[in-house]
>>> print(open('start_0.json').read())   # JSON, C-alpha atoms
[["chain", "number", "residue", "atom", "x", "y", "z"],
["A", 1, "MET", "CA", -77.00, -16.21, -133.92],
["A", 2, "THR", "CA", -77.42, -12.76, -135.45],
["A", 3, "ILE", "CA", -79.63, -10.28, -133.57],
["A", 4, "THR", "CA", -81.82, -8.31, -135.98],
["A", 5, "VAL", "CA", -82.73, -4.72, -135.13],
["A", 6, "LEU", "CA", -85.13, -2.03, -136.32],
["A", 7, "VAL", "CA", -84.24, 1.57, -135.41],
["A", 8, "ALA", "CA", -87.07, 4.11, -135.05],
["A", 9, "ASP", "CA", -86.34, 7.81, -134.55],
["A", 10, "ASP", "CA", -87.79, 10.90, -136.21],
["A", 11, "GLN", "CA", -84.37, 12.59, -136.44],
["A", 12, "ALA", "CA", -82.62, 11.25, -139.53],
["A", 13, "MET", "CA", -79.08, 11.84, -138.23],
["A", 14, "VAL", "CA", -79.78, 10.18, -134.91],
["A", 15, "ARG", "CA", -81.49, 7.26, -136.62],
["A", 16, "ALA", "CA", -78.64, 6.78, -139.08],
["A", 17, "GLY", "CA", -76.08, 7.10, -136.30],
["A", 18, "PHE", "CA", -77.60, 4.35, -134.18],
["A", 19, "ALA", "CA", -78.04, 2.15, -137.24],
["A", 20, "ALA", "CA", -74.39, 2.60, -138.23],
["A", 21, "VAL", "CA", -73.15, 1.88, -134.70],
["A", 22, "LEU", "CA", -75.20, -1.30, -134.42],
["A", 23, "ASP", "CA", -74.49, -2.55, -137.93],
["A", 24, "ALA", "CA", -70.77, -2.34, -137.20],
["A", 25, "GLN", "CA", -71.10, -4.71, -134.24],
["A", 26, "PRO", "CA", -70.46, -8.44, -134.68],
["A", 27, "GLY", "CA", -73.63, -10.50, -134.40],
["A", 28, "ILE", "CA", -75.99, -7.53, -134.88],
["A", 29, "GLU", "CA", -77.75, -6.59, -138.12],
["A", 30, "VAL", "CA", -79.97, -3.54, -138.65],
["A", 31, "VAL", "CA", -82.75, -4.69, -140.98],
["A", 32, "GLY", "CA", -84.72, -1.44, -141.18],
["A", 33, "GLN", "CA", -85.21, 2.16, -140.10],
["A", 34, "ALA", "CA", -88.43, 4.03, -139.30],
["A", 35, "SER", "CA", -89.08, 7.76, -138.97],
["A", 36, "ASP", "CA", -92.15, 7.52, -136.71],
["A", 37, "GLY", "CA", -94.14, 5.10, -134.59],
["A", 38, "GLU", "CA", -96.62, 4.15, -137.29],
["A", 39, "GLU", "CA", -93.84, 3.20, -139.68],
["A", 40, "ALA", "CA", -92.04, 1.36, -136.87],
["A", 41, "VAL", "CA", -95.06, -0.88, -136.22],
["A", 42, "ARG", "CA", -95.57, -1.57, -139.93],
["A", 43, "LEU", "CA", -91.91, -2.36, -140.61],
["A", 44, "ALA", "CA", -91.61, -4.46, -137.45],
["A", 45, "HIS", "CA", -94.41, -6.75, -138.60],
["A", 46, "GLU", "CA", -92.90, -6.93, -142.09],
["A", 47, "LEU", "CA", -89.28, -7.50, -141.05],
["A", 48, "ARG", "CA", -89.82, -9.19, -137.65],
["A", 49, "PRO", "CA", -86.65, -7.90, -135.96],
["A", 50, "ASP", "CA", -85.62, -9.32, -132.59],
["A", 51, "VAL", "CA", -85.28, -5.85, -131.07],
["A", 52, "VAL", "CA", -86.88, -2.49, -131.89],
["A", 53, "VAL", "CA", -84.79, 0.48, -130.76],
["A", 54, "MET", "CA", -87.51, 3.11, -130.32],
["A", 55, "ASP", "CA", -87.36, 6.84, -129.61],
["A", 56, "VAL", "CA", -89.89, 7.84, -126.96],
["A", 57, "ARG", "CA", -90.81, 11.20, -128.48],
["A", 58, "MET", "CA", -91.88, 11.11, -132.12],
["A", 59, "PRO", "CA", -94.57, 13.05, -134.00],
["A", 60, "GLY", "CA", -97.84, 11.32, -134.81],
["A", 61, "VAL", "CA", -97.69, 7.85, -133.26],
["A", 62, "ASN", "CA", -95.08, 8.21, -130.51],
["A", 63, "GLY", "CA", -92.81, 5.53, -129.11],
["A", 64, "ILE", "CA", -95.17, 4.59, -126.29],
["A", 65, "GLU", "CA", -98.15, 4.08, -128.59],
["A", 66, "ALA", "CA", -95.99, 2.11, -131.03],
["A", 67, "THR", "CA", -94.62, -0.06, -128.22],
["A", 68, "ARG", "CA", -98.12, -0.79, -126.94],
["A", 69, "ALA", "CA", -99.20, -1.80, -130.44],
["A", 70, "LEU", "CA", -96.22, -4.14, -130.83],
["A", 71, "GLN", "CA", -96.82, -5.76, -127.45],
["A", 72, "THR", "CA", -100.49, -6.45, -128.21],
["A", 73, "PRO", "CA", -100.42, -8.00, -131.69],
["A", 74, "PRO", "CA", -103.58, -9.07, -133.56],
["A", 75, "ARG", "CA", -104.75, -12.64, -133.08],
["A", 76, "SER", "CA", -103.41, -13.54, -136.50],
["A", 77, "SER", "CA", -99.82, -12.81, -135.38],
["A", 78, "ASP", "CA", -97.59, -14.28, -132.68],
["A", 79, "TYR", "CA", -94.84, -11.73, -133.23],
["A", 80, "VAL", "CA", -93.88, -9.67, -130.16],
["A", 81, "PRO", "CA", -90.46, -7.98, -130.33],
["A", 82, "ARG", "CA", -88.34, -6.68, -127.50],
["A", 83, "VAL", "CA", -88.38, -2.89, -127.29],
["A", 84, "LEU", "CA", -85.46, -0.73, -126.17],
["A", 85, "MET", "CA", -86.57, 2.88, -125.65],
["A", 86, "LEU", "CA", -84.32, 5.85, -126.34],
["A", 87, "THR", "CA", -84.52, 8.91, -124.09],
["A", 88, "THR", "CA", -82.79, 12.28, -124.21],
["A", 89, "PHE", "CA", -82.77, 12.82, -120.45],
["A", 90, "ASP", "CA", -81.86, 10.48, -117.63],
["A", 91, "ILE", "CA", -85.47, 10.41, -116.45],
["A", 92, "ASP", "CA", -88.15, 10.97, -119.04],
["A", 93, "GLU", "CA", -91.72, 11.90, -118.15],
["A", 94, "TYR", "CA", -92.86, 8.99, -120.30],
["A", 95, "VAL", "CA", -90.67, 6.29, -118.71],
["A", 96, "TYR", "CA", -93.41, 4.82, -116.52],
["A", 97, "GLN", "CA", -95.94, 4.88, -119.37],
["A", 98, "ALA", "CA", -93.49, 3.13, -121.68],
["A", 99, "LEU", "CA", -92.82, 0.39, -119.14],
["A", 100, "ARG", "CA", -96.54, -0.15, -118.75],
["A", 101, "ALA", "CA", -96.77, -0.37, -122.54],
["A", 102, "GLY", "CA", -94.24, -3.22, -122.54],
["A", 103, "ALA", "CA", -90.78, -1.71, -123.08],
["A", 104, "SER", "CA", -87.96, -3.83, -121.65],
["A", 105, "GLY", "CA", -85.39, -1.11, -121.14],
["A", 106, "PHE", "CA", -84.17, 2.43, -121.61],
["A", 107, "LEU", "CA", -80.98, 3.90, -122.96],
["A", 108, "LEU", "CA", -79.80, 7.47, -123.11],
["A", 109, "LYS", "CA", -79.25, 8.88, -126.59],
["A", 110, "ASP", "CA", -75.73, 9.95, -125.66],
["A", 111, "ALA", "CA", -74.69, 6.38, -124.81],
["A", 112, "LEU", "CA", -71.35, 5.16, -126.12],
["A", 113, "PRO", "CA", -71.33, 2.68, -129.04],
["A", 114, "ASP", "CA", -70.34, -0.23, -126.79],
["A", 115, "GLU", "CA", -73.20, 0.61, -124.42],
["A", 116, "VAL", "CA", -75.69, 0.65, -127.29],
["A", 117, "ALA", "CA", -74.53, -2.75, -128.55],
["A", 118, "ARG", "CA", -74.57, -4.23, -125.05],
["A", 119, "ALA", "CA", -78.09, -2.90, -124.47],
["A", 120, "VAL", "CA", -79.38, -4.57, -127.62],
["A", 121, "ARG", "CA", -77.75, -7.86, -126.65],
["A", 122, "VAL", "CA", -79.19, -7.71, -123.12],
["A", 123, "ILE", "CA", -82.69, -6.97, -124.39],
["A", 124, "ALA", "CA", -82.47, -9.69, -127.06],
["A", 125, "ALA", "CA", -81.46, -12.20, -124.38],
["A", 126, "GLY", "CA", -84.69, -11.53, -122.52],
["A", 127, "GLU", "CA", -83.28, -9.35, -119.76],
["A", 128, "ALA", "CA", -84.35, -5.87, -118.73],
["A", 129, "LEU", "CA", -82.03, -2.92, -119.00],
["A", 130, "LEU", "CA", -82.05, 0.62, -117.70],
["A", 131, "ALA", "CA", -79.33, 3.22, -117.95],
["A", 132, "PRO", "CA", -77.64, 3.25, -114.51],
["A", 133, "SER", "CA", -78.71, 6.83, -113.83],
["A", 134, "VAL", "CA", -82.35, 5.92, -114.47],
["A", 135, "THR", "CA", -82.80, 2.89, -112.22],
["A", 136, "ARG", "CA", -83.26, 4.35, -108.73],
["A", 137, "ARG", "CA", -85.15, 7.40, -109.97],
["A", 138, "LEU", "CA", -87.44, 5.15, -111.97],
["A", 139, "ILE", "CA", -88.41, 3.33, -108.79],
["A", 140, "GLU", "CA", -89.24, 6.69, -107.18],
["A", 141, "ASP", "CA", -91.25, 7.71, -110.24],
["A", 142, "VAL", "CA", -93.24, 4.47, -110.20],
["A", 143, "ALA", "CA", -93.94, 4.97, -106.50],
["A", 144, "LYS", "CA", -95.26, 8.48, -107.07],
["A", 145, "GLN", "CA", -97.56, 7.47, -109.92],
["A", 146, "ALA", "CA", -98.86, 4.22, -108.45],
["A", 147, "PRO", "CA", -101.47, 5.03, -105.77],
["A", 148, "ALA", "CA", -101.53, 3.09, -102.51],
["A", 149, "ARG", "CA", -104.02, 0.23, -102.71],
["A", 150, "PRO", "CA", -104.98, -2.96, -100.87],
["A", 151, "VAL", "CA", -102.75, -5.93, -101.60],
["A", 152, "ASP", "CA", -104.21, -8.13, -104.35],
["A", 153, "GLU", "CA", -103.73, -11.52, -102.71],
["A", 154, "HIS", "CA", -105.27, -13.34, -105.68],
["A", 155, "LEU", "CA", -102.55, -12.21, -108.08],
["A", 156, "LEU", "CA", -99.84, -12.81, -105.51],
["A", 157, "SER", "CA", -101.08, -16.21, -104.31],
["A", 158, "ALA", "CA", -98.73, -18.12, -106.63],
["A", 159, "LEU", "CA", -95.69, -16.79, -104.76],
["A", 160, "THR", "CA", -94.09, -18.29, -101.67],
["A", 161, "GLU", "CA", -93.39, -16.02, -98.73],
["A", 162, "ARG", "CA", -89.70, -15.86, -99.65],
["A", 163, "GLU", "CA", -90.53, -14.99, -103.25],
["A", 164, "ARG", "CA", -92.73, -12.15, -102.02],
["A", 165, "GLU", "CA", -89.84, -10.87, -99.92],
["A", 166, "VAL", "CA", -87.59, -10.93, -102.97],
["A", 167, "LEU", "CA", -90.20, -9.19, -105.14],
["A", 168, "VAL", "CA", -90.58, -6.40, -102.58],
["A", 169, "ARG", "CA", -86.85, -5.78, -102.72],
["A", 170, "ILE", "CA", -86.78, -5.86, -106.52],
["A", 171, "ALA", "CA", -89.49, -3.20, -106.49],
["A", 172, "ARG", "CA", -87.37, -1.09, -104.17],
["A", 173, "GLY", "CA", -84.49, -1.18, -106.63],
["A", 174, "ARG", "CA", -82.24, -3.66, -104.85],
["A", 175, "SER", "CA", -79.69, -5.63, -106.86],
["A", 176, "ASN", "CA", -79.38, -9.40, -106.47],
["A", 177, "GLN", "CA", -76.29, -8.88, -104.34],
["A", 178, "GLU", "CA", -78.12, -6.46, -102.04],
["A", 179, "ILE", "CA", -81.12, -8.80, -101.74],
["A", 180, "ALA", "CA", -78.84, -11.68, -100.84],
["A", 181, "ALA", "CA", -77.20, -9.63, -98.09],
["A", 182, "GLU", "CA", -80.53, -8.45, -96.64],
["A", 183, "LEU", "CA", -82.10, -11.93, -96.61],
["A", 184, "PHE", "CA", -78.90, -13.77, -95.63],
["A", 185, "ILE", "CA", -79.04, -16.09, -98.64],
["A", 186, "ALA", "CA", -76.70, -16.84, -101.54],
["A", 187, "GLU", "CA", -76.80, -14.61, -104.61],
["A", 188, "GLN", "CA", -77.44, -17.66, -106.79],
["A", 189, "THR", "CA", -80.48, -18.43, -104.63],
["A", 190, "VAL", "CA", -81.76, -14.91, -105.27],
["A", 191, "LYS", "CA", -81.36, -15.45, -109.02],
["A", 192, "THR", "CA", -83.39, -18.65, -108.73],
["A", 193, "HIS", "CA", -86.13, -16.83, -106.82],
["A", 194, "VAL", "CA", -86.21, -14.02, -109.40],
["A", 195, "SER", "CA", -86.53, -16.53, -112.23],
["A", 196, "LYS", "CA", -89.40, -18.31, -110.48],
["A", 197, "ILE", "CA", -91.16, -15.01, -109.74],
["A", 198, "LEU", "CA", -91.07, -13.96, -113.38],
["A", 199, "GLN", "CA", -92.23, -17.39, -114.52],
["A", 200, "LYS", "CA", -95.10, -17.68, -112.04],
["A", 201, "LEU", "CA", -96.40, -14.17, -112.67],
["A", 202, "GLY", "CA", -95.90, -14.27, -116.45],
["A", 203, "LEU", "CA", -93.61, -11.24, -116.37],
["A", 204, "ARG", "CA", -91.05, -10.64, -119.11],
["A", 205, "ASP", "CA", -88.28, -9.19, -116.96],
["A", 206, "ARG", "CA", -87.21, -7.49, -113.75],
["A", 207, "VAL", "CA", -88.44, -4.06, -114.80],
["A", 208, "HIS", "CA", -91.99, -5.31, -115.21],
["A", 209, "ALA", "CA", -91.75, -7.00, -111.83],
["A", 210, "VAL", "CA", -91.35, -3.50, -110.35],
["A", 211, "VAL", "CA", -94.50, -2.29, -112.08],
["A", 212, "PHE", "CA", -96.38, -5.44, -111.02],
["A", 213, "ALA", "CA", -95.40, -5.00, -107.37],
["A", 214, "TYR", "CA", -96.87, -1.49, -107.29],
["A", 215, "ASP", "CA", -99.93, -2.41, -109.36],
["A", 216, "THR", "CA", -100.87, -5.21, -106.94],
["A", 217, "GLY", "CA", -100.30, -3.11, -103.82],
["A", 218, "LEU", "CA", -97.44, -5.31, -102.58],
["A", 219, "VAL", "CA", -95.33, -2.16, -102.49],
["A", 220, "SER", "CA", -96.64, 1.37, -102.34],
["A", 221, "PRO", "CA", -95.39, 4.84, -101.34],
["A", 222, "ALA", "CA", -96.99, 4.29, -97.94],
["A", 223, "ARG", "CA", -95.36, 0.90, -97.25]]
>>> encode(input="start_0.json", output="C-alpha coordinates")
Amino acid sequence: MTITVLVADDQAMVRAGFAAVLDAQPGIEVVGQASDGEEAVRLAHELRPDVVVMDVRMPGVNGIEATRALQTPPRSSDYVPRVLMLTTFDIDEYVYQALRAGASGFLLKDALPDEVARAVRVIAAGEALLAPSVTRRLIEDVAKQAPARPVDEHLLSALTEREREVLVRIARGRSNQEIAAELFIAEQTVKTHVSKILQKLGLRDRVHAVVFAYDTGLVSPAR
(Lines of atoms letter the chains of each structure in order from A and count residues from 1; the text may use other names and numbers.)
(Lines give C-alpha, C1' and ligand atoms only; values in the text may rest on other atoms or scores of the structure.)
Protein backbone atom coordinates (compact mmCIF):
# COMPACT_ATOMS: atom_id res chain seq x y z
CA MET A 1 0.00 0.00 0.00
CA THR A 2 1.34 3.43 -0.96
CA ILE A 3 1.67 6.01 1.83
CA THR A 4 0.54 9.44 0.64
CA VAL A 5 2.24 12.53 2.06
CA LEU A 6 1.72 16.29 2.13
CA VAL A 7 4.79 18.42 2.89
CA ALA A 8 4.29 21.83 4.54
CA ASP A 9 7.19 24.25 5.00
CA ASP A 10 7.49 27.97 4.30
CA GLN A 11 11.02 27.58 2.88
CA ALA A 12 10.70 26.50 -0.75
CA MET A 13 14.07 24.72 -0.91
CA VAL A 14 13.45 22.78 2.28
CA ARG A 15 9.95 21.86 1.16
CA ALA A 16 11.14 20.71 -2.25
CA GLY A 17 14.01 18.79 -0.69
CA PHE A 18 11.79 16.77 1.63
CA ALA A 19 9.32 16.16 -1.18
CA ALA A 20 12.06 14.88 -3.48
CA VAL A 21 13.52 12.61 -0.79
CA LEU A 22 10.15 11.07 0.02
CA ASP A 23 8.98 10.74 -3.58
CA ALA A 24 12.11 8.73 -4.35
CA GLN A 25 11.25 6.14 -1.70
CA PRO A 26 9.37 2.97 -2.64
CA GLY A 27 5.83 2.91 -1.31
CA ILE A 28 5.70 6.67 -0.59
CA GLU A 29 4.06 9.30 -2.79
CA VAL A 30 4.07 13.06 -2.16
CA VAL A 31 0.66 14.29 -3.29
CA GLY A 32 1.06 17.98 -2.44
CA GLN A 33 3.15 20.79 -0.98
CA ALA A 34 2.06 23.74 1.17
CA SER A 35 3.88 26.96 2.03
CA ASP A 36 2.05 27.72 5.28
CA GLY A 37 -0.33 26.22 7.81
CA GLU A 38 -3.50 27.56 6.24
CA GLU A 39 -2.62 26.04 2.89
CA ALA A 40 -1.61 22.80 4.60
CA VAL A 41 -5.04 22.41 6.21
CA ARG A 42 -6.85 23.23 2.96
CA LEU A 43 -4.75 20.87 0.83
CA ALA A 44 -4.92 18.11 3.44
CA HIS A 45 -8.72 18.10 3.30
CA GLU A 46 -8.64 18.19 -0.50
CA LEU A 47 -5.96 15.52 -1.01
CA ARG A 48 -6.46 13.46 2.19
CA PRO A 49 -2.84 12.31 2.59
CA ASP A 50 -2.00 9.64 5.16
CA VAL A 51 0.74 11.78 6.69
CA VAL A 52 1.33 15.54 6.83
CA VAL A 53 4.99 16.47 7.28
CA MET A 54 4.64 19.87 8.96
CA ASP A 55 7.17 22.55 9.85
CA VAL A 56 6.59 23.91 13.36
CA ARG A 57 7.49 27.51 12.58
CA MET A 58 5.65 29.08 9.67
CA PRO A 59 4.27 32.60 9.15
CA GLY A 60 0.55 33.19 9.57
CA VAL A 61 -0.99 29.89 10.65
CA ASN A 62 1.93 27.98 12.16
CA GLY A 63 2.42 24.24 12.35
CA ILE A 64 0.84 23.90 15.79
CA GLU A 65 -2.34 25.74 14.80
CA ALA A 66 -2.55 23.75 11.57
CA THR A 67 -2.05 20.47 13.43
CA ARG A 68 -4.78 21.36 15.93
CA ALA A 69 -7.15 22.16 13.06
CA LEU A 70 -6.41 18.84 11.35
CA GLN A 71 -6.91 16.86 14.55
CA THR A 72 -10.30 18.47 15.24
CA PRO A 73 -12.12 18.23 11.90
CA PRO A 74 -15.64 19.60 11.34
CA ARG A 75 -18.54 17.22 11.97
CA SER A 76 -19.00 16.82 8.23
CA SER A 77 -15.55 15.18 7.90
CA ASP A 78 -14.02 12.02 9.39
CA TYR A 79 -10.56 12.77 8.00
CA VAL A 80 -7.78 13.00 10.60
CA PRO A 81 -4.23 12.59 9.23
CA ARG A 82 -1.09 11.67 11.10
CA VAL A 83 1.21 14.66 11.60
CA LEU A 84 5.00 14.51 11.66
CA MET A 85 6.47 17.81 12.86
CA LEU A 86 9.76 19.20 11.57
CA THR A 87 12.05 21.07 13.95
CA THR A 88 15.34 22.89 13.43
CA PHE A 89 16.70 22.20 16.91
CA ASP A 90 16.75 19.02 18.95
CA ILE A 91 14.31 20.52 21.44
CA ASP A 92 11.92 23.14 20.17
CA GLU A 93 10.03 25.50 22.47
CA TYR A 94 6.85 24.42 20.72
CA VAL A 95 7.31 20.65 21.09
CA TYR A 96 4.96 20.27 24.06
CA GLN A 97 2.32 22.50 22.45
CA ALA A 98 2.49 20.49 19.23
CA LEU A 99 2.04 17.20 21.08
CA ARG A 100 -0.98 18.62 22.86
CA ALA A 101 -2.31 19.68 19.45
CA GLY A 102 -2.11 16.08 18.24
CA ALA A 103 1.25 15.62 16.50
CA SER A 104 2.50 12.02 16.53
CA GLY A 105 6.19 12.69 16.20
CA PHE A 106 9.10 14.99 15.58
CA LEU A 107 12.02 14.88 13.21
CA LEU A 108 15.01 17.16 12.88
CA LYS A 109 15.33 19.01 9.59
CA ASP A 110 18.87 17.73 9.14
CA ALA A 111 17.74 14.09 9.23
CA LEU A 112 19.17 11.74 6.63
CA PRO A 113 16.91 10.61 3.74
CA ASP A 114 16.52 7.11 5.18
CA GLU A 115 15.52 8.59 8.54
CA VAL A 116 12.89 10.78 6.89
CA ALA A 117 11.38 7.83 5.02
CA ARG A 118 11.42 5.64 8.12
CA ALA A 119 9.72 8.39 10.14
CA VAL A 120 6.89 8.67 7.63
CA ARG A 121 6.41 4.89 7.62
CA VAL A 122 6.37 4.73 11.43
CA ILE A 123 3.84 7.55 11.70
CA ALA A 124 1.65 6.05 8.95
CA ALA A 125 1.63 2.73 10.82
CA GLY A 126 0.11 4.42 13.84
CA GLU A 127 3.22 4.59 15.98
CA ALA A 128 4.78 7.63 17.62
CA LEU A 129 8.23 8.83 16.70
CA LEU A 130 10.68 11.28 18.18
CA ALA A 131 14.22 12.00 17.09
CA PRO A 132 16.44 10.11 19.58
CA SER A 133 17.97 13.33 20.91
CA VAL A 134 14.51 14.71 21.68
CA THR A 135 12.97 11.87 23.68
CA ARG A 136 14.44 12.25 27.17
CA ARG A 137 14.50 16.04 27.02
CA LEU A 138 10.89 16.04 25.90
CA ILE A 139 9.93 14.17 29.06
CA GLU A 140 11.75 16.80 31.12
CA ASP A 141 10.02 19.58 29.19
CA VAL A 142 6.59 18.04 29.76
CA ALA A 143 7.37 17.71 33.46
CA LYS A 144 8.32 21.37 33.73
CA GLN A 145 5.22 22.62 31.95
CA ALA A 146 2.68 20.29 33.55
CA PRO A 147 1.93 21.52 37.09
CA ALA A 148 1.60 19.04 39.95
CA ARG A 149 -2.04 18.13 40.52
CA PRO A 150 -4.17 15.55 42.33
CA VAL A 151 -4.47 12.23 40.54
CA ASP A 152 -7.63 12.06 38.43
CA GLU A 153 -8.85 8.62 39.47
CA HIS A 154 -11.91 8.86 37.21
CA LEU A 155 -9.84 9.04 34.03
CA LEU A 156 -7.45 6.36 35.28
CA SER A 157 -10.11 3.96 36.59
CA ALA A 158 -10.11 1.88 33.39
CA LEU A 159 -6.52 0.78 34.02
CA THR A 160 -5.37 -2.17 36.10
CA GLU A 161 -2.68 -1.59 38.70
CA ARG A 162 -0.06 -3.14 36.42
CA GLU A 163 -1.14 -0.95 33.51
CA ARG A 164 -0.76 2.11 35.73
CA GLU A 165 2.76 0.99 36.62
CA VAL A 166 3.59 0.65 32.94
CA LEU A 167 2.07 4.06 32.11
CA VAL A 168 4.15 5.73 34.83
CA ARG A 169 7.29 4.29 33.28
CA ILE A 170 6.26 5.31 29.77
CA ALA A 171 5.82 8.85 31.07
CA ARG A 172 9.32 8.73 32.53
CA GLY A 173 10.77 7.87 29.14
CA ARG A 174 11.46 4.18 29.69
CA SER A 175 11.66 1.86 26.69
CA ASN A 176 9.74 -1.43 26.62
CA GLN A 177 12.95 -3.27 27.41
CA GLU A 178 13.65 -1.05 30.42
CA ILE A 179 10.07 -1.42 31.69
CA ALA A 180 10.30 -5.19 31.39
CA ALA A 181 13.51 -5.23 33.43
CA GLU A 182 12.10 -2.96 36.16
CA LEU A 183 8.85 -4.91 36.53
CA PHE A 184 10.42 -8.36 36.02
CA ILE A 185 8.11 -9.24 33.14
CA ALA A 186 8.64 -10.22 29.50
CA GLU A 187 9.06 -7.48 26.91
CA GLN A 188 6.16 -8.93 24.92
CA THR A 189 4.00 -8.58 28.03
CA VAL A 190 4.97 -4.91 28.22
CA LYS A 191 3.93 -4.45 24.59
CA THR A 192 0.56 -6.01 25.40
CA HIS A 193 0.10 -3.68 28.37
CA VAL A 194 1.03 -0.64 26.26
CA SER A 195 -1.49 -1.64 23.59
CA LYS A 196 -4.24 -2.05 26.19
CA ILE A 197 -3.39 1.29 27.82
CA LEU A 198 -3.67 3.15 24.53
CA GLN A 199 -6.92 1.37 23.67
CA LYS A 200 -8.57 1.91 27.04
CA LEU A 201 -7.62 5.58 27.25
CA GLY A 202 -8.34 6.35 23.59
CA LEU A 203 -4.77 7.54 23.00
CA ARG A 204 -3.22 7.47 19.53
CA ASP A 205 0.31 6.53 20.53
CA ARG A 206 3.00 6.37 23.18
CA VAL A 207 3.85 10.07 22.97
CA HIS A 208 0.32 11.06 23.89
CA ALA A 209 0.40 8.59 26.76
CA VAL A 210 3.20 10.73 28.24
CA VAL A 211 1.09 13.87 27.99
CA PHE A 212 -1.93 12.04 29.46
CA ALA A 213 0.06 10.80 32.45
CA TYR A 214 1.08 14.34 33.37
CA ASP A 215 -2.34 15.83 32.61
CA THR A 216 -4.07 13.38 34.97
CA GLY A 217 -1.54 13.84 37.78
CA LEU A 218 -0.37 10.22 37.61
CA VAL A 219 3.14 11.58 37.12
CA SER A 220 4.30 15.04 38.05
CA PRO A 221 7.59 16.85 38.74
CA ALA A 222 6.98 16.25 42.44
CA ARG A 223 6.37 12.49 42.17
>>> atom_distance(input="start_0.json", atom1="CA of Pro73 (chain A)", atom2="CA of Val41 (chain A)")
10.0 Å
>>> residues_around(input="start_0.json", residues="Ala98 (chain A)", least_positions_apart="3", cutoff="9 Å", atoms="all atoms listed in the file", output="ChimeraX atom specification")
/A:56,63-65,67-68,85,94-95,101-104
>>> closest_residue(input="start_0.json", among="A:Val83, A:Val21, A:Val194, A:Leu155", to="Ile123 (chain A)", atoms="only C-alpha atoms")
A:Val83
>>> atom_distance(input="start_0.json", atom1="CA of Gln199 (chain A)", atom2="CA of Thr160 (chain A)")
13.0 Å
>>> residues_around(input="start_0.json", residues="Thr87 (chain A)", least_positions_apart="4", cutoff="7 Å", atoms="all atoms listed in the file", output="ChimeraX atom specification")
/A:55-56,92,106-109
>>> write_last_selection(input="start_0.json", atoms="C-alpha atoms", output="short mmCIF file (atom, residue, chain, number, x, y, z; two decimals), keeping the file's coordinate frame")
data_model
loop_
_atom_site.label_atom_id
_atom_site.label_comp_id
_atom_site.auth_asym_id
_atom_site.auth_seq_id
_atom_site.Cartn_x
_atom_site.Cartn_y
_atom_site.Cartn_z
CA ASP A 55 -87.36 6.84 -129.61
CA VAL A 56 -89.89 7.84 -126.96
CA ASP A 92 -88.15 10.97 -119.04
CA PHE A 106 -84.17 2.43 -121.61
CA LEU A 107 -80.98 3.90 -122.96
CA LEU A 108 -79.80 7.47 -123.11
CA LYS A 109 -79.25 8.88 -126.59
#
>>> closest_residue(input="start_0.json", among="A:Val166, A:Met54, A:Val5, A:Leu70", to="Glu187 (chain A)", atoms="all atoms listed in the file")
A:Val166
